[in-house]
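Visitor: Dropping in model.cif, which is mmCIF, C-alpha atoms:
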data_upload
#
loop_
_atom_site.group_PDB
_atom_site.id
_atom_site.type_symbol
_atom_site.label_atom_id
_atom_site.label_comp_id
_atom_site.auth_asym_id
_atom_site.auth_seq_id
_atom_site.Cartn_x
_atom_site.Cartn_y
_atom_site.Cartn_z
ATOM 1 C CA MET A 1 0.000 0.000 0.000
ATOM 2 C CA THR A 2 1.163 3.534 -0.784
ATOM 3 C CA TYR A 3 1.160 6.083 2.035
ATOM 4 C CA ASP A 4 1.393 9.872 1.990
ATOM 5 C CA ASP A 5 2.563 10.651 5.531
ATOM 6 C CA ILE A 6 4.721 7.661 6.432
ATOM 7 C CA LEU A 7 7.469 5.587 4.848
ATOM 8 C CA ILE A 8 7.740 1.803 5.138
ATOM 9 C CA ASP A 9 10.960 -0.181 4.816
ATOM 10 C CA ARG A 10 11.691 -3.842 5.501
ATOM 11 C CA ASP A 11 15.037 -4.882 6.929
ATOM 12 C CA GLY A 12 14.881 -8.667 7.174
ATOM 13 C CA ALA A 13 12.420 -9.507 9.934
ATOM 14 C CA VAL A 14 12.205 -5.847 10.980
ATOM 15 C CA LEU A 15 9.741 -3.259 9.675
ATOM 16 C CA VAL A 16 10.847 0.378 9.830
ATOM 17 C CA ILE A 17 8.018 2.917 9.977
ATOM 18 C CA THR A 18 9.030 6.552 9.468
ATOM 19 C CA ILE A 19 6.736 9.506 10.088
ATOM 20 C CA ASN A 20 7.518 11.554 6.994
ATOM 21 C CA ARG A 21 6.380 15.112 7.654
ATOM 22 C CA PRO A 22 9.675 16.805 8.597
ATOM 23 C CA GLU A 23 8.473 20.160 7.280
ATOM 24 C CA ALA A 24 5.740 20.024 9.956
ATOM 25 C CA GLY A 25 7.913 18.636 12.745
ATOM 26 C CA ASN A 26 6.566 15.150 11.940
ATOM 27 C CA LYS A 27 3.278 16.168 13.541
ATOM 28 C CA LEU A 28 0.431 13.682 13.519
ATOM 29 C CA ARG A 29 -2.642 14.661 11.531
ATOM 30 C CA HIS A 30 -5.700 12.511 10.779
ATOM 31 C CA GLN A 31 -4.058 11.033 7.683
ATOM 32 C CA THR A 32 -0.861 10.208 9.572
ATOM 33 C CA CYS A 33 -2.736 8.382 12.318
ATOM 34 C CA LEU A 34 -4.827 6.360 9.883
ATOM 35 C CA GLU A 35 -1.735 5.346 7.929
ATOM 36 C CA LEU A 36 0.136 4.370 11.098
ATOM 37 C CA VAL A 37 -2.763 2.197 12.266
ATOM 38 C CA ASP A 38 -2.954 0.507 8.865
ATOM 39 C CA ALA A 39 0.807 -0.124 8.741
ATOM 40 C CA LEU A 40 0.844 -1.454 12.294
ATOM 41 C CA GLN A 41 -2.011 -3.872 11.647
ATOM 42 C CA ARG A 42 -0.311 -5.138 8.493
ATOM 43 C CA PHE A 43 2.836 -5.596 10.578
ATOM 44 C CA ARG A 44 0.866 -7.596 13.145
ATOM 45 C CA LEU A 45 -0.506 -9.962 10.494
ATOM 46 C CA ASP A 46 2.734 -10.516 8.544
ATOM 47 C CA PRO A 47 4.363 -13.771 9.778
ATOM 48 C CA GLN A 48 7.713 -12.764 8.286
ATOM 49 C CA LEU A 49 7.979 -9.651 10.456
ATOM 50 C CA ARG A 50 9.042 -10.088 14.084
ATOM 51 C CA ALA A 51 9.744 -6.531 15.281
ATOM 52 C CA ALA A 52 9.375 -2.920 14.174
ATOM 53 C CA VAL A 53 11.144 0.410 14.507
ATOM 54 C CA LEU A 54 9.262 3.707 14.682
ATOM 55 C CA THR A 55 11.122 6.911 13.860
ATOM 56 C CA GLY A 56 10.768 10.349 12.279
ATOM 57 C CA ALA A 57 12.173 11.684 9.040
ATOM 58 C CA GLY A 58 15.222 13.948 9.229
ATOM 59 C CA GLU A 59 17.514 14.557 12.184
ATOM 60 C CA LYS A 60 15.605 17.278 14.032
ATOM 61 C CA PHE A 61 12.176 15.850 14.821
ATOM 62 C CA PHE A 62 10.915 12.495 16.005
ATOM 63 C CA CYS A 63 7.383 13.866 16.424
ATOM 64 C CA ILE A 64 6.163 17.073 18.062
ATOM 65 C CA GLY A 65 2.576 16.040 18.688
ATOM 66 C CA GLY A 66 -0.779 16.267 17.010
ATOM 67 C CA GLU A 67 -1.990 18.694 14.393
ATOM 68 C CA HIS A 68 -5.525 19.538 15.485
ATOM 69 C CA ASP A 69 -7.986 21.155 13.106
ATOM 70 C CA PRO A 70 -10.366 23.765 14.551
ATOM 71 C CA VAL A 71 -13.219 21.970 16.314
ATOM 72 C CA THR A 72 -16.560 22.702 14.638
ATOM 73 C CA SER A 73 -18.669 19.964 16.236
ATOM 74 C CA LEU A 74 -18.460 17.218 18.839
ATOM 75 C CA ASP A 75 -18.907 14.238 16.526
ATOM 76 C CA GLN A 76 -16.177 11.624 16.187
ATOM 77 C CA SER A 77 -15.020 12.958 12.826
ATOM 78 C CA GLN A 78 -13.336 15.776 14.774
ATOM 79 C CA VAL A 79 -11.331 13.439 16.979
ATOM 80 C CA LEU A 80 -7.701 12.866 16.041
ATOM 81 C CA PRO A 81 -7.406 9.048 15.987
ATOM 82 C CA ILE A 82 -4.151 9.016 17.927
ATOM 83 C CA ILE A 83 -5.469 6.687 20.653
ATOM 84 C CA ASP A 84 -5.878 4.029 17.958
ATOM 85 C CA VAL A 85 -2.159 4.403 17.230
ATOM 86 C CA TYR A 86 -1.158 4.152 20.896
ATOM 87 C CA GLN A 87 -3.413 1.137 21.411
ATOM 88 C CA ALA A 88 -2.016 -0.625 18.346
ATOM 89 C CA ILE A 89 1.574 -0.104 19.502
ATOM 90 C CA ASP A 90 0.701 -1.277 22.990
ATOM 91 C CA THR A 91 -1.333 -4.371 22.128
ATOM 92 C CA ILE A 92 0.219 -5.761 18.952
ATOM 93 C CA PRO A 93 2.088 -8.869 20.194
ATOM 94 C CA LYS A 94 5.342 -7.856 18.523
ATOM 95 C CA PRO A 95 7.927 -5.433 19.941
ATOM 96 C CA ILE A 96 8.221 -1.898 18.588
ATOM 97 C CA VAL A 97 11.406 0.086 19.179
ATOM 98 C CA ALA A 98 11.343 3.888 19.048
ATOM 99 C CA ALA A 99 14.301 5.567 17.360
ATOM 100 C CA VAL A 100 14.068 9.118 18.683
ATOM 101 C CA ASN A 101 16.148 11.193 16.310
ATOM 102 C CA GLY A 102 15.263 14.670 17.620
ATOM 103 C CA PHE A 103 12.426 16.432 19.411
ATOM 104 C CA ALA A 104 9.826 14.130 20.994
ATOM 105 C CA VAL A 105 7.255 16.601 22.275
ATOM 106 C CA GLY A 106 3.661 16.196 23.441
ATOM 107 C CA GLY A 107 2.125 13.291 21.574
ATOM 108 C CA GLY A 108 5.590 12.522 20.249
ATOM 109 C CA ASN A 109 6.803 11.775 23.753
ATOM 110 C CA VAL A 110 3.714 9.651 24.356
ATOM 111 C CA LEU A 111 4.569 7.702 21.195
ATOM 112 C CA ASN A 112 8.049 7.176 22.619
ATOM 113 C CA THR A 113 6.625 6.085 25.971
ATOM 114 C CA VAL A 114 4.221 3.471 24.601
ATOM 115 C CA CYS A 115 6.912 1.815 22.461
ATOM 116 C CA ASP A 116 8.601 -1.211 24.022
ATOM 117 C CA LEU A 117 12.167 0.140 23.912
ATOM 118 C CA THR A 118 13.726 3.463 22.939
ATOM 119 C CA VAL A 119 17.033 4.413 21.375
ATOM 120 C CA ALA A 120 17.647 8.158 21.555
ATOM 121 C CA ALA A 121 20.093 10.213 19.537
ATOM 122 C CA GLU A 122 22.268 12.474 21.683
ATOM 123 C CA ASN A 123 20.443 15.490 20.226
ATOM 124 C CA ALA A 124 17.012 14.175 21.243
ATOM 125 C CA VAL A 125 14.778 16.334 23.432
ATOM 126 C CA PHE A 126 11.772 15.102 25.419
ATOM 127 C CA ARG A 127 8.950 17.293 26.644
ATOM 128 C CA GLN A 128 5.273 17.408 27.583
ATOM 129 C CA VAL A 129 3.692 20.782 26.806
ATOM 130 C CA GLY A 130 -0.065 20.174 27.108
ATOM 131 C CA PRO A 131 -0.898 22.644 29.908
ATOM 132 C CA MET A 132 1.115 25.351 28.105
ATOM 133 C CA VAL A 133 -0.858 25.014 24.869
ATOM 134 C CA GLY A 134 -4.325 24.162 26.136
ATOM 135 C CA SER A 135 -4.118 20.398 25.727
ATOM 136 C CA PHE A 136 -3.455 17.243 27.731
ATOM 137 C CA ASP A 137 -3.194 13.453 27.468
ATOM 138 C CA ALA A 138 -4.889 11.955 30.511
ATOM 139 C CA GLY A 139 -4.433 8.340 29.466
ATOM 140 C CA TYR A 140 -1.471 6.649 27.816
ATOM 141 C CA GLY A 141 0.521 9.840 28.293
ATOM 142 C CA THR A 142 0.036 9.790 32.075
ATOM 143 C CA TRP A 143 -0.382 6.185 33.229
ATOM 144 C CA TYR A 144 2.415 4.821 31.067
ATOM 145 C CA LEU A 145 4.680 7.769 31.752
ATOM 146 C CA GLU A 146 4.192 7.201 35.495
ATOM 147 C CA ASP A 147 5.119 3.545 35.047
ATOM 148 C CA THR A 148 8.200 4.570 33.083
ATOM 149 C CA VAL A 149 9.699 7.401 35.129
ATOM 150 C CA GLY A 150 7.778 7.325 38.413
ATOM 151 C CA ARG A 151 4.838 9.311 39.755
ATOM 152 C CA LYS A 152 6.669 12.456 40.878
ATOM 153 C CA ARG A 153 8.774 12.745 37.723
ATOM 154 C CA ALA A 154 5.758 12.179 35.476
ATOM 155 C CA LYS A 155 3.852 14.951 37.247
ATOM 156 C CA GLU A 156 6.915 17.162 36.933
ATOM 157 C CA MET A 157 6.986 16.597 33.186
ATOM 158 C CA TRP A 158 3.296 17.396 32.804
ATOM 159 C CA TYR A 159 2.974 20.260 35.298
ATOM 160 C CA LEU A 160 6.231 22.126 34.666
ATOM 161 C CA ASN A 161 6.713 21.327 30.949
ATOM 162 C CA ARG A 162 10.488 21.239 31.104
ATOM 163 C CA LYS A 163 12.808 20.008 28.363
ATOM 164 C CA TYR A 164 14.913 16.905 29.046
ATOM 165 C CA ASP A 165 17.931 16.010 26.946
ATOM 166 C CA ALA A 166 18.873 12.472 25.979
ATOM 167 C CA GLU A 167 21.189 11.881 28.936
ATOM 168 C CA GLN A 168 18.565 13.118 31.393
ATOM 169 C CA ALA A 169 16.005 10.867 29.700
ATOM 170 C CA LEU A 170 18.382 7.921 30.066
ATOM 171 C CA ALA A 171 18.971 8.642 33.754
ATOM 172 C CA MET A 172 15.243 8.779 34.482
ATOM 173 C CA GLY A 173 14.439 5.614 32.537
ATOM 174 C CA LEU A 174 12.585 7.290 29.678
ATOM 175 C CA VAL A 175 14.951 5.730 27.108
ATOM 176 C CA ASN A 176 17.128 2.610 27.023
ATOM 177 C CA GLU A 177 20.187 3.837 25.128
ATOM 178 C CA VAL A 178 21.740 7.042 23.826
ATOM 179 C CA VAL A 179 23.751 7.037 20.599
ATOM 180 C CA PRO A 180 25.491 9.708 18.493
ATOM 181 C CA ALA A 181 23.284 11.930 16.356
ATOM 182 C CA GLY A 182 22.194 10.241 13.154
ATOM 183 C CA GLN A 183 22.619 6.714 14.515
ATOM 184 C CA ALA A 184 19.341 6.139 16.369
ATOM 185 C CA ARG A 185 17.579 4.355 13.533
ATOM 186 C CA ASP A 186 20.454 1.984 12.796
ATOM 187 C CA ARG A 187 20.874 1.081 16.468
ATOM 188 C CA ALA A 188 17.130 0.566 16.873
ATOM 189 C CA VAL A 189 17.154 -1.792 13.897
ATOM 190 C CA GLU A 190 20.024 -3.713 15.523
ATOM 191 C CA LEU A 191 18.023 -4.140 18.724
ATOM 192 C CA ALA A 192 14.865 -5.097 16.833
ATOM 193 C CA THR A 193 16.855 -7.632 14.802
ATOM 194 C CA GLU A 194 18.251 -9.121 18.011
ATOM 195 C CA ILE A 195 14.744 -9.424 19.495
ATOM 196 C CA ALA A 196 13.601 -11.067 16.258
ATOM 197 C CA THR A 197 15.871 -14.035 17.077
ATOM 198 C CA ARG A 198 13.973 -14.673 20.320
ATOM 199 C CA SER A 199 10.895 -16.862 20.700
ATOM 200 C CA PRO A 200 8.012 -14.934 19.087
ATOM 201 C CA MET A 201 5.449 -16.679 21.300
ATOM 202 C CA ALA A 202 7.400 -15.878 24.454
ATOM 203 C CA ILE A 203 7.834 -12.240 23.432
ATOM 204 C CA ALA A 204 4.138 -12.006 22.546
ATOM 205 C CA GLY A 205 3.155 -13.488 25.898
ATOM 206 C CA LEU A 206 5.403 -11.069 27.754
ATOM 207 C CA LYS A 207 4.116 -8.071 25.828
ATOM 208 C CA GLY A 208 0.544 -9.204 26.444
ATOM 209 C CA ALA A 209 1.251 -9.422 30.159
ATOM 210 C CA PHE A 210 2.737 -5.923 30.258
ATOM 211 C CA SER A 211 -0.213 -4.603 28.261
ATOM 212 C CA ALA A 212 -2.861 -6.353 30.361
ATOM 213 C CA ARG A 213 -1.889 -4.389 33.473
ATOM 214 C CA HIS A 214 -3.527 -1.243 32.154
ATOM 215 C CA ASN A 215 -5.725 -2.504 29.338
ATOM 216 C CA GLY A 216 -8.178 -4.506 31.421
ATOM 217 C CA VAL A 217 -10.368 -6.723 29.309
ATOM 218 C CA SER A 218 -8.555 -5.742 26.118
ATOM 219 C CA GLY A 219 -5.180 -6.819 27.497
ATOM 220 C CA GLN A 220 -6.634 -9.978 29.017
ATOM 221 C CA ALA A 221 -8.365 -10.812 25.737
ATOM 222 C CA ARG A 222 -5.078 -10.497 23.880
ATOM 223 C CA MET A 223 -3.521 -12.999 26.255
ATOM 224 C CA ALA A 224 -6.488 -15.381 26.257
ATOM 225 C CA HIS A 225 -7.337 -15.232 22.556
ATOM 226 C CA ASP A 226 -4.109 -14.488 20.732
ATOM 227 C CA GLN A 227 -1.922 -16.624 22.971
ATOM 228 C CA GLN A 228 -3.803 -19.242 24.961
ATOM 229 C CA LEU A 229 -6.655 -19.974 22.546
ATOM 230 C CA SER A 230 -4.363 -20.102 19.515
ATOM 231 C CA TYR A 231 -2.210 -22.695 21.277
ATOM 232 C CA TYR A 232 -5.209 -24.599 22.643
ATOM 233 C CA LEU A 233 -6.666 -25.031 19.151
ATOM 234 C CA THR A 234 -3.643 -27.195 18.247
ATOM 235 C CA THR A 235 -4.368 -29.743 21.018
ATOM 236 C CA LYS A 236 -6.049 -33.126 20.693
ATOM 237 C CA GLU A 237 -8.592 -31.979 23.266
ATOM 238 C CA ALA A 238 -9.820 -29.125 21.077
ATOM 239 C CA HIS A 239 -9.889 -31.325 17.976
ATOM 240 C CA GLU A 240 -11.806 -34.098 19.739
ATOM 241 C CA LEU A 241 -14.411 -31.751 21.207
ATOM 242 C CA SER A 242 -14.963 -30.087 17.833
ATOM 243 C CA ALA A 243 -15.257 -33.451 16.073
ATOM 244 C CA ALA A 244 -17.623 -34.846 18.711
ATOM 245 C CA PHE A 245 -19.907 -31.843 18.415
ATOM 246 C CA GLY A 246 -19.999 -32.089 14.626
ATOM 247 C CA GLU A 247 -20.657 -35.847 14.788
ATOM 248 C CA ARG A 248 -23.266 -35.505 17.556
ATOM 249 C CA ARG A 249 -21.550 -37.918 19.909
ATOM 250 C CA GLU A 250 -20.000 -37.840 23.342
ATOM 251 C CA PRO A 251 -16.348 -36.787 23.299
ATOM 252 C CA ASP A 252 -13.560 -39.246 24.059
ATOM 253 C CA THR A 253 -12.313 -37.833 27.343
ATOM 254 C CA GLU A 254 -9.052 -39.774 26.996
ATOM 255 C CA GLN A 255 -8.086 -37.106 24.473
ATOM 256 C CA PHE A 256 -8.329 -34.355 27.100
ATOM 257 C CA TRP A 257 -5.175 -32.698 28.433
ATOM 258 C CA SER A 258 -3.158 -33.717 25.399
#
If you convert what's in this file into structure tokens, what do you get?
Guide:
Amino acid sequence: MTYDDILIDRDGAVLVITINRPEAGNKLRHQTCLELVDALQRFRLDPQLRAAVLTGAGEKFFCIGGEHDPVTSLDQSQVLPIIDVYQAIDTIPKPIVAAVNGFAVGGGNVLNTVCDLTVAAENAVFRQVGPMVGSFDAGYGTWYLEDTVGRKRAKEMWYLNRKYDAEQALAMGLVNEVVPAGQARDRAVELATEIATRSPMAIAGLKGAFSARHNGVSGQARMAHDQQLSYYLTTKEAHELSAAFGERREPDTEQFWS
């Protein structure tokens, strides 16, 4: 599929998704969000892809938030579908590594936070600016940020709107590694490639467990359906019960637990 706002590249078992609006600070508009959701779902369903990298075009901006059109009504057409992007990143049972190549501000820092791992370039800057610009993210941007950097530091980021450089972000646990400018994408691909050699079912189970903590029934359903049910359907027990029902007979209970 051809996209307007993002770029897609495959590097072996790794998919690289690049927000490609550098002239706008890689801001997220409706089109960007819809394309990201589509690309992420295609990534989820592709058995050849094991991990992904999310980054921004250029060397100045990772993403500086959402581009909101003037609100003219309260119907859902006015809502920027960014929560769909966050939810996809969080619940897809494959790891996604953020390569923060510059400013990660507002929704851009939330994108960074919901990714599984983060590699930051030394010129990266992290910031939450909602209360300064008449906006906020009282969901993924707060709960997950609190999990990542702690309650007091998360409130500091949201209430005081300070800038944090890459080394500060590393010290507070907001990123995993810091690399020289221009090398974030390559290092993120290296990490994603390394993860791709691990057990995909184990990684999926772990990610589902992390996700379930905050996602309630959605997270539990991912574990139960995508992991447990998928495995259960390969057992003799499941096959015997299905066959017995179709043949209108009592199941052979000796087939259970195998």
Visitor: Could you expand the PyMOL selection byres ((chain A and resi 201) around 10) into the explicit residues it covers here, written as number ranges by chain?
Guide: A: 93-94, 198-200, 202-207, 226-227, 231
Visitor: Pull C-alpha atoms from the residues just selected and write them as an mmCIF file, in the coordinates of the input.
Guide:
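Contents of out-v2.cif, as written:
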data_model
loop_
_atom_site.group_PDB
_atom_site.id
_atom_site.type_symbol
_atom_site.label_atom_id
_atom_site.label_comp_id
_atom_site.auth_asym_id
_atom_site.auth_seq_id
_atom_site.Cartn_x
_atom_site.Cartn_y
_atom_site.Cartn_z
ATOM 1 C CA PRO A 93 2.088 -8.869 20.194
ATOM 2 C CA LYS A 94 5.342 -7.856 18.523
ATOM 3 C CA ARG A 198 13.973 -14.673 20.320
ATOM 4 C CA SER A 199 10.895 -16.862 20.700
ATOM 5 C CA PRO A 200 8.012 -14.934 19.087
ATOM 6 C CA ALA A 202 7.400 -15.878 24.454
ATOM 7 C CA ILE A 203 7.834 -12.240 23.432
ATOM 8 C CA ALA A 204 4.138 -12.006 22.546
ATOM 9 C CA GLY A 205 3.155 -13.488 25.898
ATOM 10 C CA LEU A 206 5.403 -11.069 27.754
ATOM 11 C CA LYS A 207 4.116 -8.071 25.828
ATOM 12 C CA ASP A 226 -4.109 -14.488 20.732
ATOM 13 C CA GLN A 227 -1.922 -16.624 22.971
ATOM 14 C CA TYR A 231 -2.210 -22.695 21.277
#
Visitor: Which residues, named as in the file, does the PyMOL selection byres ((chain A and resi 80-82) around 10) pick out? Answer as number ranges by chain.
Guide: A: 28-34, 36-37, 65-69, 76-79, 83-88, 107, 111
Visitor: Rank nothing, just name the residue among A:Ile195, A:Leu170, A:Met1, A:Val133 nearest to A:Gly106, using all atoms listed in the file.
Guide: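 Of all the options, A:Val133 lies closest to A:Gly106.
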Visitor: To verify the selection step, state as a ChimeraX atom specification which residues the PyMOL selection byres ((chain A and resi 115) around 12) yields on this input.
Guide: /A:51-55,85-100,108-114,116-119,140-141,144-145,148,174-176,188,192,207,210-211
Visitor: If I put a ball of radius 12 Å at (15.4, 16.2, 11.5) in the file's coordinates, which residues poke into it when counting all atoms listed in the file, written as JSON, numbers by chain?
Guide: {"A": [18, 19, 20, 21, 22, 23, 24, 25, 26, 55, 56, 57, 58, 59, 60, 61, 62, 63, 64, 100, 101, 102, 103, 104, 121, 123, 124, 125, 181, 182, 184]}
Visitor: Expressed in Å to a single decimal, how great is the separation between atom CA of A:Leu160 and atom CA of A:Pro131?
Guide: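 Separation of atom CA of A:Leu160 and atom CA of A:Pro131: 8.6 Å.
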Visitor: Set the distance at 10 Å and use all atoms listed in the file: which residues neighbour A:Thr253 once local chain neighbours fewer than 6 positions away are removed? I'd like the list as number ranges by chain.
Guide: A: 237, 240-241
Visitor: Can you tell me how far atom CA of A:Phe43 sits from atom CA of A:Asp9, in Å to one decimal?
Guide: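 Interatomic distance here is 11.3 Å.
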Visitor: Suppose you want the space between atom CA of A:Gln255 and atom CA of A:Lys236; what is it in Å?
Guide: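 Going from atom CA of A:Gln255 over to atom CA of A:Lys236, I get 5.9 Å.
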Visitor: Take every atom of stretch 137-155 of chain A listed in the file, pad by 3 Å on each side, and give me the axis-aligned box centre and edge lengths in Å, one decimal, as lines of an AutoDock Vina configuration file.
Guide:
center_x = 2.4
center_y = 9.2
center_z = 34.2
size_x = 20.6
size_y = 17.4
size_z = 19.4
Visitor: Quick one: residues within 8 Å of A:Ile8, all atoms listed in the file, excluding same-chain residues fewer than 5 positions away - as a list in words?
Guide: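 After dropping sequence-adjacent residues, the list is Leu15, Val16, Ile17 and Thr18 of chain A.
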Visitor: Write out, as an mmCIF file, keeping the file's coordinate frame, the residues just selected, with C-alpha atoms.
Guide:
data_model
loop_
_atom_site.group_PDB
_atom_site.id
_atom_site.type_symbol
_atom_site.label_atom_id
_atom_site.label_comp_id
_atom_site.auth_asym_id
_atom_site.auth_seq_id
_atom_site.Cartn_x
_atom_site.Cartn_y
_atom_site.Cartn_z
ATOM 1 C CA LEU A 15 9.741 -3.259 9.675
ATOM 2 C CA VAL A 16 10.847 0.378 9.830
ATOM 3 C CA ILE A 17 8.018 2.917 9.977
ATOM 4 C CA THR A 18 9.030 6.552 9.468
#
